[in-house]
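So this block is run-v4.csv, CSV, C-alpha atoms and all ligand atoms:
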chain,number,residue,atom,x,y,z
A,424,MET,CA,5.7,-8.6,-24.1
A,425,THR,CA,4.8,-9.7,-20.6
A,426,GLU,CA,2.8,-7.2,-18.6
A,427,THR,CA,4.8,-6.1,-15.6
A,428,VAL,CA,1.6,-5.4,-13.6
A,429,LEU,CA,-1.4,-7.6,-14.1
A,430,THR,CA,-4.7,-5.7,-13.8
A,431,ALA,CA,-8.1,-7.1,-13.1
A,432,LEU,CA,-11.4,-5.5,-12.1
A,433,ALA,CA,-14.1,-7.6,-10.4
A,434,ASP,CA,-16.7,-6.8,-7.8
A,435,GLY,CA,-15.4,-3.2,-7.5
A,436,VAL,CA,-11.9,-4.4,-6.6
A,437,LEU,CA,-9.0,-3.5,-8.9
A,438,THR,CA,-6.4,-6.1,-8.4
A,439,LEU,CA,-2.8,-5.0,-9.3
A,440,THR,CA,-0.3,-7.9,-9.4
A,441,LEU,CA,3.4,-7.0,-9.6
A,442,ASN,CA,4.6,-9.4,-12.3
A,443,ARG,CA,8.3,-9.9,-12.6
A,444,PRO,CA,8.4,-13.1,-10.6
A,445,ASP,CA,11.9,-14.3,-11.8
A,446,LYS,CA,13.3,-11.0,-10.3
A,447,LEU,CA,11.1,-11.2,-7.2
A,448,ASN,CA,9.0,-8.5,-8.7
A,449,SER,CA,11.8,-5.9,-8.3
A,450,PHE,CA,11.1,-2.6,-10.0
A,451,ASN,CA,12.2,-1.6,-13.5
A,452,LYS,CA,10.9,1.4,-15.3
A,453,ASP,CA,8.1,-0.5,-17.0
A,454,MET,CA,6.8,-1.9,-13.8
A,455,HIS,CA,6.8,1.6,-12.2
A,456,LEU,CA,4.9,3.1,-15.1
A,457,ALA,CA,2.4,0.2,-15.1
A,458,LEU,CA,1.8,0.6,-11.3
A,459,HIS,CA,1.3,4.3,-11.7
A,460,ALA,CA,-1.2,3.7,-14.5
A,461,GLY,CA,-3.1,1.1,-12.4
A,462,LEU,CA,-3.2,3.4,-9.4
A,463,GLN,CA,-4.3,6.4,-11.5
A,464,ARG,CA,-7.1,4.3,-12.9
A,465,ALA,CA,-8.2,3.6,-9.4
A,466,HIS,CA,-8.4,7.4,-8.8
A,467,ASP,CA,-10.3,8.0,-12.1
A,468,ASP,CA,-12.6,5.1,-12.5
A,469,ALA,CA,-15.8,5.2,-10.3
A,470,ALA,CA,-16.2,1.5,-10.9
A,471,VAL,CA,-13.1,0.9,-8.8
A,472,ARG,CA,-14.1,1.1,-5.1
A,473,ALA,CA,-11.0,-0.7,-3.6
A,474,VAL,CA,-7.6,-1.8,-4.7
A,475,LEU,CA,-5.8,-5.1,-3.9
A,476,LEU,CA,-2.0,-5.0,-4.5
A,477,THR,CA,0.0,-8.2,-4.5
A,478,GLY,CA,2.9,-9.9,-6.2
A,479,ALA,CA,3.2,-12.9,-8.6
A,480,GLY,CA,5.3,-15.9,-7.7
A,481,ARG,CA,7.1,-16.4,-4.4
A,482,GLY,CA,7.9,-12.8,-3.6
A,483,PHE,CA,5.9,-9.6,-3.1
A,484,CYS,CA,8.6,-7.1,-4.3
A,485,ALA,CA,12.4,-6.9,-3.9
A,486,GLY,CA,12.6,-3.1,-4.4
A,487,GLN,CA,14.8,-1.7,-7.1
A,488,ASP,CA,16.0,-4.1,-9.8
A,489,LEU,CA,19.7,-4.0,-9.0
A,490,GLY,CA,20.5,-5.5,-12.4
A,491,ASP,CA,19.6,-2.0,-13.8
A,492,ARG,CA,22.1,-0.4,-11.4
A,493,ASP,CA,25.2,-2.5,-12.2
A,494,PRO,CA,28.2,-0.1,-11.7
A,495,ARG,CA,30.4,-2.5,-13.7
A,496,ASN,CA,28.6,-1.5,-16.8
A,497,GLY,CA,30.4,1.8,-16.6
A,498,GLY,CA,29.0,5.2,-17.3
A,499,GLU,CA,27.9,7.8,-14.8
A,500,ALA,CA,26.2,6.8,-11.6
A,501,PRO,CA,22.5,7.4,-12.0
A,502,ASP,CA,20.8,10.3,-10.0
A,503,LEU,CA,18.8,8.2,-7.5
A,504,GLY,CA,17.1,11.4,-6.2
A,505,HIS,CA,15.6,11.6,-9.7
A,506,THR,CA,14.4,8.0,-9.7
A,507,LEU,CA,12.7,8.5,-6.4
A,508,GLU,CA,11.0,11.6,-7.5
A,509,ALA,CA,10.0,10.2,-10.9
A,510,TYR,CA,9.1,6.6,-10.0
A,511,TYR,CA,8.9,5.7,-6.3
A,512,ASN,CA,7.4,8.8,-4.7
A,513,PRO,CA,4.5,9.0,-7.2
A,514,SER,CA,3.4,5.4,-6.3
A,515,VAL,CA,3.4,6.3,-2.6
A,516,ARG,CA,1.5,9.5,-3.2
A,517,LEU,CA,-1.0,7.7,-5.5
A,518,ILE,CA,-1.7,5.1,-2.7
A,519,ARG,CA,-2.0,7.6,0.1
A,520,SER,CA,-4.1,10.1,-1.7
A,521,LEU,CA,-6.5,7.6,-3.2
A,522,ALA,CA,-9.9,8.2,-1.6
A,523,LYS,CA,-10.6,4.4,-1.6
A,524,PRO,CA,-9.1,1.6,0.5
A,525,VAL,CA,-5.9,-0.1,-0.7
A,526,VAL,CA,-5.4,-3.6,0.6
A,527,CYS,CA,-2.0,-5.2,0.3
A,528,ALA,CA,-1.5,-8.9,0.2
A,529,VAL,CA,2.2,-9.5,0.9
A,530,ASN,CA,2.6,-13.0,-0.6
A,531,GLY,CA,6.4,-13.3,0.1
A,532,VAL,CA,9.5,-11.3,0.7
A,533,ALA,CA,9.1,-7.5,0.6
A,534,ALA,CA,12.5,-5.8,0.5
A,535,GLY,CA,13.7,-2.2,0.1
A,536,ALA,CA,11.2,0.0,-1.5
A,537,GLY,CA,9.0,-3.1,-1.9
A,538,ALA,CA,8.6,-3.3,1.8
A,539,ASN,CA,7.8,0.4,2.1
A,540,ILE,CA,5.3,0.5,-0.7
A,541,ALA,CA,3.5,-2.4,1.1
A,542,ILE,CA,3.5,-0.5,4.3
A,543,ALA,CA,2.1,2.6,2.6
A,544,CYS,CA,-1.1,0.7,1.8
A,545,ASP,CA,-4.1,1.0,4.1
A,546,ILE,CA,-4.6,-2.6,5.3
A,547,VAL,CA,-1.7,-5.0,4.9
A,548,LEU,CA,-2.1,-8.8,5.2
A,549,ALA,CA,0.9,-11.0,4.9
A,550,ALA,CA,1.5,-14.7,4.4
A,551,LYS,CA,3.1,-16.1,7.6
A,552,SER,CA,6.2,-17.0,5.6
A,553,ALA,CA,6.6,-13.5,4.2
A,554,LYS,CA,9.3,-11.1,5.6
A,555,PHE,CA,9.9,-7.4,5.5
A,556,VAL,CA,13.5,-6.4,4.8
A,557,GLN,CA,14.8,-2.8,5.0
A,558,ALA,CA,17.6,-4.0,2.6
A,559,PHE,CA,19.0,-0.5,1.9
A,560,ALA,CA,21.9,-0.6,4.4
A,561,LYS,CA,23.2,-3.8,2.8
A,562,ILE,CA,23.9,-1.9,-0.4
A,563,GLY,CA,24.9,1.5,1.0
A,564,LEU,CA,21.5,3.3,0.4
A,565,VAL,CA,19.0,4.9,2.8
A,566,PRO,CA,15.3,4.0,3.3
A,567,ASP,CA,12.9,5.4,0.7
A,568,ALA,CA,9.4,5.1,-0.5
A,569,GLY,CA,8.3,6.7,2.7
A,570,GLY,CA,9.9,4.1,5.0
A,571,SER,CA,11.8,6.5,7.2
A,572,TRP,CA,8.4,8.3,7.8
A,573,SER,CA,6.1,5.4,8.2
A,574,LEU,CA,8.4,3.0,10.2
A,575,THR,CA,9.1,5.8,12.7
A,576,ARG,CA,5.5,6.7,13.1
A,577,ILE,CA,4.3,3.2,13.4
A,578,LEU,CA,7.0,1.5,15.3
A,579,GLY,CA,8.8,4.4,17.1
A,580,GLU,CA,12.5,5.3,16.7
A,581,PRO,CA,14.1,2.3,18.5
A,582,ARG,CA,12.5,-0.3,16.2
A,583,ALA,CA,12.7,1.9,13.1
A,584,LYS,CA,16.4,2.5,13.6
A,585,ALA,CA,17.2,-1.2,14.4
A,586,LEU,CA,15.4,-2.4,11.3
A,587,THR,CA,16.9,0.1,8.9
A,588,LEU,CA,20.4,0.1,10.4
A,589,THR,CA,20.8,-3.7,10.5
A,590,ALA,CA,18.6,-4.6,7.5
A,591,GLU,CA,17.5,-7.6,9.6
A,592,PRO,CA,14.4,-9.4,8.1
A,593,LEU,CA,11.2,-8.9,10.1
A,594,GLY,CA,8.8,-11.9,9.9
A,595,ALA,CA,5.2,-11.4,9.1
A,596,GLU,CA,4.0,-12.6,12.5
A,597,LYS,CA,6.3,-10.2,14.3
A,598,ALA,CA,5.3,-7.4,11.9
A,599,ALA,CA,1.7,-8.0,12.9
A,600,GLU,CA,2.6,-8.2,16.6
A,601,TRP,CA,4.4,-4.8,16.3
A,602,GLY,CA,1.5,-3.2,14.5
A,603,LEU,CA,3.4,-2.7,11.2
A,604,ILE,CA,0.7,-4.7,9.4
A,605,TRP,CA,-2.8,-5.7,10.1
A,606,LYS,CA,-2.5,-9.5,10.0
A,607,ALA,CA,-0.3,-12.5,9.3
A,608,VAL,CA,-2.3,-15.3,7.8
A,609,GLU,CA,-1.6,-18.9,6.7
A,610,ASP,CA,0.1,-18.8,3.3
A,611,ALA,CA,-2.6,-20.8,1.6
A,612,ALA,CA,-5.4,-18.5,2.9
A,613,LEU,CA,-3.7,-15.2,2.0
A,614,MET,CA,-5.3,-14.5,-1.3
A,615,ASP,CA,-8.8,-15.6,-0.3
A,616,GLU,CA,-8.7,-13.6,2.8
A,617,ALA,CA,-7.3,-10.5,1.2
A,618,THR,CA,-9.8,-10.7,-1.7
A,619,ALA,CA,-12.7,-11.1,0.6
A,620,LEU,CA,-11.6,-8.1,2.6
A,621,ALA,CA,-11.1,-6.0,-0.5
A,622,LYS,CA,-14.5,-7.0,-1.8
A,623,SER,CA,-16.2,-6.1,1.4
A,624,LEU,CA,-14.5,-2.7,1.4
A,625,ALA,CA,-15.5,-2.2,-2.2
A,626,ALA,CA,-19.1,-2.9,-1.2
A,627,GLY,CA,-18.9,-0.3,1.5
A,628,PRO,CA,-19.7,3.4,1.7
A,629,THR,CA,-16.8,4.6,-0.5
A,630,LEU,CA,-17.1,8.3,0.2
A,631,GLY,CA,-17.1,7.7,4.0
A,632,LEU,CA,-14.3,5.2,3.8
A,633,GLY,CA,-12.2,7.7,1.7
A,634,LEU,CA,-12.8,10.5,4.2
A,635,THR,CA,-11.9,8.1,7.1
A,636,LYS,CA,-8.6,7.3,5.4
A,637,GLN,CA,-7.9,11.0,4.9
A,638,MET,CA,-8.7,11.8,8.6
A,639,ILE,CA,-6.5,9.0,10.0
A,640,GLN,CA,-3.6,10.0,7.8
A,641,ALA,CA,-4.0,13.7,8.7
A,642,SER,CA,-4.1,13.0,12.5
A,643,ALA,CA,-0.3,12.6,12.9
A,644,GLY,CA,0.3,16.2,11.8
A,645,ASN,CA,-2.8,17.7,13.5
A,646,SER,CA,-3.5,18.9,17.0
A,647,LEU,CA,-6.7,17.6,18.7
A,648,GLU,CA,-8.4,20.9,17.9
A,649,GLU,CA,-7.5,20.6,14.2
A,650,GLN,CA,-8.6,17.0,14.1
A,651,LEU,CA,-11.9,17.8,15.8
A,652,ASP,CA,-12.5,20.4,13.0
A,653,LEU,CA,-11.6,17.9,10.4
A,654,GLU,CA,-14.0,15.3,11.8
A,655,ARG,CA,-16.7,17.9,11.8
A,656,ASP,CA,-16.1,18.8,8.2
A,657,CYS,CA,-15.8,15.2,7.1
A,658,GLN,CA,-18.9,14.1,9.0
A,659,ARG,CA,-20.8,17.0,7.4
A,660,ARG,CA,-19.9,15.6,4.0
A,661,ALA,CA,-20.6,12.0,4.9
A,662,GLY,CA,-23.9,13.1,6.4
A,663,HIS,CA,-25.0,14.4,3.0
A,664,SER,CA,-24.1,11.2,1.2
A,665,ALA,CA,-26.6,8.8,-0.3
A,666,ASP,CA,-24.8,5.9,1.4
A,667,TYR,CA,-25.5,7.5,4.8
A,668,ALA,CA,-29.2,7.7,4.0
A,669,GLU,CA,-29.1,4.1,2.8
A,670,GLY,CA,-27.2,2.9,5.9
A,671,VAL,CA,-29.7,4.4,8.3
A,672,ALA,CA,-32.7,3.2,6.3
A,673,ALA,CA,-31.3,-0.3,6.1
A,674,PHE,CA,-30.6,-0.3,9.9
A,675,LEU,CA,-34.2,0.7,10.6
A,676,GLU,CA,-35.6,-1.8,8.1
A,677,LYS,CA,-33.3,-4.5,9.6
A,678,ARG,CA,-31.7,-5.4,6.3
A,679,LYS,CA,-28.3,-5.3,4.8
A,680,PRO,CA,-27.4,-1.9,3.3
A,681,GLU,CA,-26.8,-1.6,-0.4
A,682,PHE,CA,-24.1,1.1,-0.6
A,683,ARG,CA,-23.4,2.6,-4.0
A,684,GLY,CA,-20.3,4.5,-3.1
A,685,GLN,CA,-21.9,7.9,-3.2
A,701,LIG,O1,18.0,2.7,-7.6
A,701,LIG,C1,17.1,3.5,-7.3
A,701,LIG,O2,16.3,3.9,-8.2
A,701,LIG,C2,17.0,4.0,-5.9
A,701,LIG,C3,15.9,3.3,-5.2
A,701,LIG,C4,16.1,2.2,-4.5
A,701,LIG,C5,15.0,1.5,-3.9
A,701,LIG,C6,15.4,0.1,-3.3
A,701,LIG,O3,14.5,-0.7,-3.2
A,701,LIG,S1,17.0,-0.2,-2.9
A,701,LIG,C7,16.9,-1.9,-2.3
A,701,LIG,C8,17.0,-2.8,-3.5
A,701,LIG,N1,16.7,-4.2,-3.1
A,701,LIG,C9,17.5,-5.0,-2.4
A,701,LIG,O4,18.7,-4.6,-2.1
A,701,LIG,C10,17.1,-6.4,-2.1
A,701,LIG,C11,18.0,-7.4,-2.9
A,701,LIG,N2,17.5,-8.7,-2.7
A,701,LIG,C12,17.7,-9.4,-1.6
A,701,LIG,O5,18.3,-9.0,-0.6
A,701,LIG,C13,17.2,-10.8,-1.6
A,701,LIG,O6,17.0,-11.3,-2.9
A,701,LIG,C14,15.8,-11.0,-0.9
A,701,LIG,C15,16.0,-10.7,0.7
A,701,LIG,C16,14.8,-10.0,-1.4
A,701,LIG,C17,15.2,-12.4,-1.1
A,701,LIG,O7,16.2,-13.3,-0.8
A,701,LIG,P1,16.0,-14.8,-1.3
A,701,LIG,O8,17.2,-15.6,-0.7
A,701,LIG,O9,14.6,-15.3,-0.9
A,701,LIG,O10,16.1,-14.8,-2.8
A,701,LIG,P2,17.3,-14.6,-3.8
A,701,LIG,O11,17.9,-15.9,-4.1
A,701,LIG,O12,18.3,-13.6,-3.2
A,701,LIG,O13,16.7,-13.9,-5.1
A,701,LIG,C18,15.9,-14.7,-6.1
A,701,LIG,C19,16.2,-14.2,-7.4
A,701,LIG,O14,15.7,-12.8,-7.5
A,701,LIG,C20,17.7,-14.1,-7.7
A,701,LIG,O15,17.8,-14.3,-9.1
A,701,LIG,P3,18.5,-15.7,-9.7
A,701,LIG,O16,19.8,-15.9,-9.0
A,701,LIG,O17,17.5,-16.7,-9.3
A,701,LIG,O18,18.6,-15.4,-11.1
A,701,LIG,C21,18.0,-12.7,-7.4
A,701,LIG,O19,19.1,-12.2,-8.0
A,701,LIG,C22,16.8,-11.9,-7.9
A,701,LIG,N3,16.6,-10.7,-7.1
A,701,LIG,C23,16.2,-10.5,-5.9
A,701,LIG,N4,16.2,-9.2,-5.6
A,701,LIG,C24,16.5,-8.6,-6.7
A,701,LIG,C25,16.8,-9.5,-7.7
A,701,LIG,N5,17.2,-9.1,-8.9
A,701,LIG,C26,17.3,-7.8,-9.2
A,701,LIG,N6,17.1,-6.9,-8.2
A,701,LIG,C27,16.7,-7.2,-7.0
A,701,LIG,N7,16.4,-6.2,-6.1
Could you take the file, read its structure, and then write that structure out as structure tokens?
Ligand code: T3D
Amino acid sequence: MTETVLTALADGVLTLTLNRPDKLNSFNKDMHLALHAGLQRAHDDAAVRAVLLTGAGRGFCAGQDLGDRDPRNGGEAPDLGHTLEAYYNPSVRLIRSLAKPVVCAVNGVAAGAGANIAIACDIVLAAKSAKFVQAFAKIGLVPDAGGSWSLTRILGEPRAKALTLTAEPLGAEKAAEWGLIWKAVEDAALMDEATALAKSLAAGPTLGLGLTKQMIQASAGNSLEEQLDLERDCQRRAGHSADYAEGVAAFLEKRKPEFRGQ
């Protein structure tokens, strides 16, 4: 049977490739479970120091496989609240709670939950030809996979509402201009650039990078006072790390640091 998520570990980077290209990598149960397993491995395996998420073929991910939701097949309508809780929400939680950087290379269209899972990643690069589509309104659903939270925080209400209420595609360059993603890059350069970025993050001070991610994510819900306390606590932990000692020693010895992720 074809693997629905291809997994490869090299140079500390765990690359997870959504792999149902004939369905634009839309989610079925197998692909959800394979993605959970890949992300869980990133949590558990110390050899993994960064994740690179991408899609096979011409699309990144078209959200839910609507073939699995065909109402003409009869039977009771599925409980979509359950599918969010069992399948989509765990992916978002696994990405956001991972104390390691997650790079997303959006190689083509990202629609529905596919768009919002991309946006949940830490650094998002997209091919210039890629687009982000909040497709939900077209089929009578509401945004999910954290989209109503992240789009509003990143873009503000006016743009979040326009994108979700109209389901109009947002091109990669505009997405970068609006700050929804980090960068739009030439299609042919996407994978090289995303891989180089993920590799350099994987060679970084993993503990400090994980704490930084946690702090940035916490800031939206914190007052300045709470955030100052969090910075103090995280800096205390980073200051006791072997990578901090190595970073300072390397600086003083005018050489490149060799971080071990501890
Ligand atoms: O159900 C639950 O569990 C609740 C959770 C829901 C989460 C969600 O994500 S809901 C939103 C679901 N996704 C969509 O509504 C997007 C549907 N797809 C599209 O709107 C378009 O396909 C795209 C904008 C993504 C891309 O358009 P385009 O013109 O580049 O490609 P295409 O020709 O429409 O699609 C190419 C093939 O992929 C085509 O198959 P074919 O005709 O070549 O055999 C198409 O049917 C298939 N495909 C695309 N999206 C899906 C899909 N097949 C199943 N499910 C899809 N979501």
Quick one: pull the distance between atom CA of Gly563 of chain A and atom CA of Arg492 of chain A, Å, one decimal.
->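 About the pair atom CA of Gly563 of chain A and atom CA of Arg492 of chain A: they are 12.9 Å apart.
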Could you work out how far atom CA of Ser573 of chain A lies from atom CA of Val608 of chain A, giving the answer in Å with one decimal?
->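 The value is 22.3 Å.
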Tell me which of A:Thr425, A:Asn645, A:Ser552, A:Gln463 sits closest to Lys523 of chain A, counting all atoms listed in the file.
->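 That would be A:Gln463, the residue with the smallest distance to Lys523 of chain A.
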Using all atoms listed in the file, give me every residue within 12 Å of (-9.5, 2.6, -9.9) in file coordinates, as an MDAnalysis selection string.
-> chainID A and resid 430:433 435:439 458:476 517:518 521:525 625
May I have the selected residues written with C-alpha atoms, as a PDB file, keeping the file's coordinate frame?
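The resulting again.pdb:
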ATOM      1  CA  THR A 430      -4.700  -5.700 -13.800  1.00  0.00           C
ATOM      2  CA  ALA A 431      -8.100  -7.100 -13.100  1.00  0.00           C
ATOM      3  CA  LEU A 432     -11.400  -5.500 -12.100  1.00  0.00           C
ATOM      4  CA  ALA A 433     -14.100  -7.600 -10.400  1.00  0.00           C
ATOM      5  CA  GLY A 435     -15.400  -3.200  -7.500  1.00  0.00           C
ATOM      6  CA  VAL A 436     -11.900  -4.400  -6.600  1.00  0.00           C
ATOM      7  CA  LEU A 437      -9.000  -3.500  -8.900  1.00  0.00           C
ATOM      8  CA  THR A 438      -6.400  -6.100  -8.400  1.00  0.00           C
ATOM      9  CA  LEU A 439      -2.800  -5.000  -9.300  1.00  0.00           C
ATOM     10  CA  LEU A 458       1.800   0.600 -11.300  1.00  0.00           C
ATOM     11  CA  HIS A 459       1.300   4.300 -11.700  1.00  0.00           C
ATOM     12  CA  ALA A 460      -1.200   3.700 -14.500  1.00  0.00           C
ATOM     13  CA  GLY A 461      -3.100   1.100 -12.400  1.00  0.00           C
ATOM     14  CA  LEU A 462      -3.200   3.400  -9.400  1.00  0.00           C
ATOM     15  CA  GLN A 463      -4.300   6.400 -11.500  1.00  0.00           C
ATOM     16  CA  ARG A 464      -7.100   4.300 -12.900  1.00  0.00           C
ATOM     17  CA  ALA A 465      -8.200   3.600  -9.400  1.00  0.00           C
ATOM     18  CA  HIS A 466      -8.400   7.400  -8.800  1.00  0.00           C
ATOM     19  CA  ASP A 467     -10.300   8.000 -12.100  1.00  0.00           C
ATOM     20  CA  ASP A 468     -12.600   5.100 -12.500  1.00  0.00           C
ATOM     21  CA  ALA A 469     -15.800   5.200 -10.300  1.00  0.00           C
ATOM     22  CA  ALA A 470     -16.200   1.500 -10.900  1.00  0.00           C
ATOM     23  CA  VAL A 471     -13.100   0.900  -8.800  1.00  0.00           C
ATOM     24  CA  ARG A 472     -14.100   1.100  -5.100  1.00  0.00           C
ATOM     25  CA  ALA A 473     -11.000  -0.700  -3.600  1.00  0.00           C
ATOM     26  CA  VAL A 474      -7.600  -1.800  -4.700  1.00  0.00           C
ATOM     27  CA  LEU A 475      -5.800  -5.100  -3.900  1.00  0.00           C
ATOM     28  CA  LEU A 476      -2.000  -5.000  -4.500  1.00  0.00           C
ATOM     29  CA  LEU A 517      -1.000   7.700  -5.500  1.00  0.00           C
ATOM     30  CA  ILE A 518      -1.700   5.100  -2.700  1.00  0.00           C
ATOM     31  CA  LEU A 521      -6.500   7.600  -3.200  1.00  0.00           C
ATOM     32  CA  ALA A 522      -9.900   8.200  -1.600  1.00  0.00           C
ATOM     33  CA  LYS A 523     -10.600   4.400  -1.600  1.00  0.00           C
ATOM     34  CA  PRO A 524      -9.100   1.600   0.500  1.00  0.00           C
ATOM     35  CA  VAL A 525      -5.900  -0.100  -0.700  1.00  0.00           C
ATOM     36  CA  ALA A 625     -15.500  -2.200  -2.200  1.00  0.00           C
TER      37      ALA A 625
END
Proximity check chain A to ligand LIG 701 (chain A), 7 Å, nearest pairs one decimal Å, all atoms listed in the file, as a Markdown table:
| residue | atom | partner | partner_atom | distance |
| --- | --- | --- | --- | --- |
| A:Asp445 | CA | A:LIG701 | O14 | 5.9 |
| A:Lys446 | CA | A:LIG701 | O14 | 4.1 |
| A:Leu447 | CA | A:LIG701 | O14 | 4.9 |
| A:Ser449 | CA | A:LIG701 | N7 | 5.1 |
| A:Ala485 | CA | A:LIG701 | N7 | 4.6 |
| A:Gly486 | CA | A:LIG701 | O3 | 3.3 |
| A:Gln487 | CA | A:LIG701 | O3 | 4.0 |
| A:Asp488 | CA | A:LIG701 | N6 | 3.4 |
| A:Leu489 | CA | A:LIG701 | N6 | 4.0 |
| A:Gly490 | CA | A:LIG701 | C26 | 5.1 |
| A:Arg492 | CA | A:LIG701 | O1 | 6.4 |
| A:Leu503 | CA | A:LIG701 | C2 | 4.8 |
| A:Thr506 | CA | A:LIG701 | O2 | 4.8 |
| A:Leu507 | CA | A:LIG701 | O2 | 6.1 |
| A:Val532 | CA | A:LIG701 | C16 | 5.8 |
| A:Ala533 | CA | A:LIG701 | C16 | 6.5 |
| A:Ala534 | CA | A:LIG701 | C16 | 5.2 |
| A:Gly535 | CA | A:LIG701 | O3 | 3.7 |
| A:Ala536 | CA | A:LIG701 | O3 | 3.8 |
| A:Gly537 | CA | A:LIG701 | O3 | 6.1 |
| A:Val556 | CA | A:LIG701 | C15 | 6.4 |
| A:Ala558 | CA | A:LIG701 | O4 | 4.9 |
| A:Phe559 | CA | A:LIG701 | C7 | 4.9 |
| A:Lys561 | CA | A:LIG701 | O4 | 6.7 |
| A:Ile562 | CA | A:LIG701 | O4 | 6.1 |
| A:Leu564 | CA | A:LIG701 | S1 | 6.6 |
| A:Asp567 | CA | A:LIG701 | C5 | 6.4 |
Distance query 9 Å from (-6.3, 11.3, 2.1) using only C-alpha atoms, result as a list in words =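 The residues near that point, listed by chain and number, are Arg519, Ser520, Leu521, Ala522, Lys523, Gly633, Leu634, Thr635, Lys636, Gln637, Met638, Ile639, Gln640 and Ala641 of chain A.
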Tell me, in Å to one decimal, how far atom CA of Gln557 of chain A is from atom CA of Arg582 of chain A.
-> 11.7 Å
Which residue out of A:Ala457, A:Leu574, A:Ala599, A:Leu441 has the minimum interatomic distance to Ala549 of chain A when only C-alpha atoms are used?
-> A:Ala599
Using all atoms listed in the file, which of A:Ala585, A:Arg495, A:Ile546, A:Gly644 sits nearest Gly602 of chain A?
->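 Counting all atoms listed in the file, the residue closest to Gly602 of chain A is A:Ile546.
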Write out as a list in words each polymer residue whose atoms come within 9 Å of Asp453 of chain A, counting only C-alpha atoms; drop sequence neighbours fewer than 6 positions from it.
->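 Once the nearby chain positions are removed, what remains is Glu426, Thr427 and Val428 of chain A.
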Excluding Lys551 of chain A and residues on its chain fewer than 2 positions from it, collect all residues at most 6 Å away from it, counting all atoms listed in the file, and give them as a ChimeraX atom specification.
-> /A:553,595,607-610
Pick out the closest residue to Asn451 of chain A from this set: A:Arg660, A:Asp491, A:Ala612, A:Gly594. Count all atoms listed in the file.
->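 The answer is A:Asp491, which sits nearest to Asn451 of chain A.
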Show me that you can extract segment 573-577 of chain A, keeping all heavy atoms, and write it as a PDB file, in the first residue's frame.
ATOM      1  N   SER A 573      -5.746  31.701  14.009  1.00  0.00           N
ATOM      2  CA  SER A 573      -4.479  32.210  13.466  1.00  0.00           C
ATOM      3  C   SER A 573      -4.704  33.331  12.452  1.00  0.00           C
ATOM      4  O   SER A 573      -4.019  34.355  12.484  1.00  0.00           O
ATOM      5  CB  SER A 573      -3.661  31.078  12.848  1.00  0.00           C
ATOM      6  OG  SER A 573      -4.441  30.348  11.935  1.00  0.00           O
ATOM      7  N   LEU A 574      -5.686  33.177  11.566  1.00  0.00           N
ATOM      8  CA  LEU A 574      -5.896  34.229  10.553  1.00  0.00           C
ATOM      9  C   LEU A 574      -6.232  35.550  11.224  1.00  0.00           C
ATOM     10  O   LEU A 574      -5.740  36.606  10.823  1.00  0.00           O
ATOM     11  CB  LEU A 574      -7.049  33.840   9.619  1.00  0.00           C
ATOM     12  CG  LEU A 574      -6.789  32.667   8.680  1.00  0.00           C
ATOM     13  CD1 LEU A 574      -8.093  32.230   8.019  1.00  0.00           C
ATOM     14  CD2 LEU A 574      -5.767  33.035   7.618  1.00  0.00           C
ATOM     15  N   THR A 575      -7.066  35.498  12.248  1.00  0.00           N
ATOM     16  CA  THR A 575      -7.475  36.737  12.917  1.00  0.00           C
ATOM     17  C   THR A 575      -6.293  37.391  13.611  1.00  0.00           C
ATOM     18  O   THR A 575      -6.093  38.601  13.532  1.00  0.00           O
ATOM     19  CB  THR A 575      -8.597  36.433  13.936  1.00  0.00           C
ATOM     20  OG1 THR A 575      -9.578  35.641  13.285  1.00  0.00           O
ATOM     21  CG2 THR A 575      -9.235  37.715  14.449  1.00  0.00           C
ATOM     22  N   ARG A 576      -5.480  36.565  14.274  1.00  0.00           N
ATOM     23  CA  ARG A 576      -4.307  37.131  14.966  1.00  0.00           C
ATOM     24  C   ARG A 576      -3.280  37.688  13.995  1.00  0.00           C
ATOM     25  O   ARG A 576      -2.656  38.699  14.241  1.00  0.00           O
ATOM     26  CB  ARG A 576      -3.656  36.066  15.847  1.00  0.00           C
ATOM     27  CG  ARG A 576      -4.308  35.994  17.199  1.00  0.00           C
ATOM     28  CD  ARG A 576      -3.831  34.795  17.995  1.00  0.00           C
ATOM     29  NE  ARG A 576      -4.388  34.846  19.335  1.00  0.00           N
ATOM     30  CZ  ARG A 576      -5.656  34.605  19.627  1.00  0.00           C
ATOM     31  NH1 ARG A 576      -6.515  34.319  18.658  1.00  0.00           N
ATOM     32  NH2 ARG A 576      -6.084  34.664  20.872  1.00  0.00           N
ATOM     33  N   ILE A 577      -3.073  36.956  12.906  1.00  0.00           N
ATOM     34  CA  ILE A 577      -2.007  37.368  11.986  1.00  0.00           C
ATOM     35  C   ILE A 577      -2.467  38.532  11.098  1.00  0.00           C
ATOM     36  O   ILE A 577      -1.739  39.491  10.890  1.00  0.00           O
ATOM     37  CB  ILE A 577      -1.559  36.172  11.106  1.00  0.00           C
ATOM     38  CG1 ILE A 577      -1.017  35.036  11.974  1.00  0.00           C
ATOM     39  CG2 ILE A 577      -0.502  36.611  10.104  1.00  0.00           C
ATOM     40  CD1 ILE A 577      -0.879  33.704  11.244  1.00  0.00           C
TER      41      ILE A 577
END
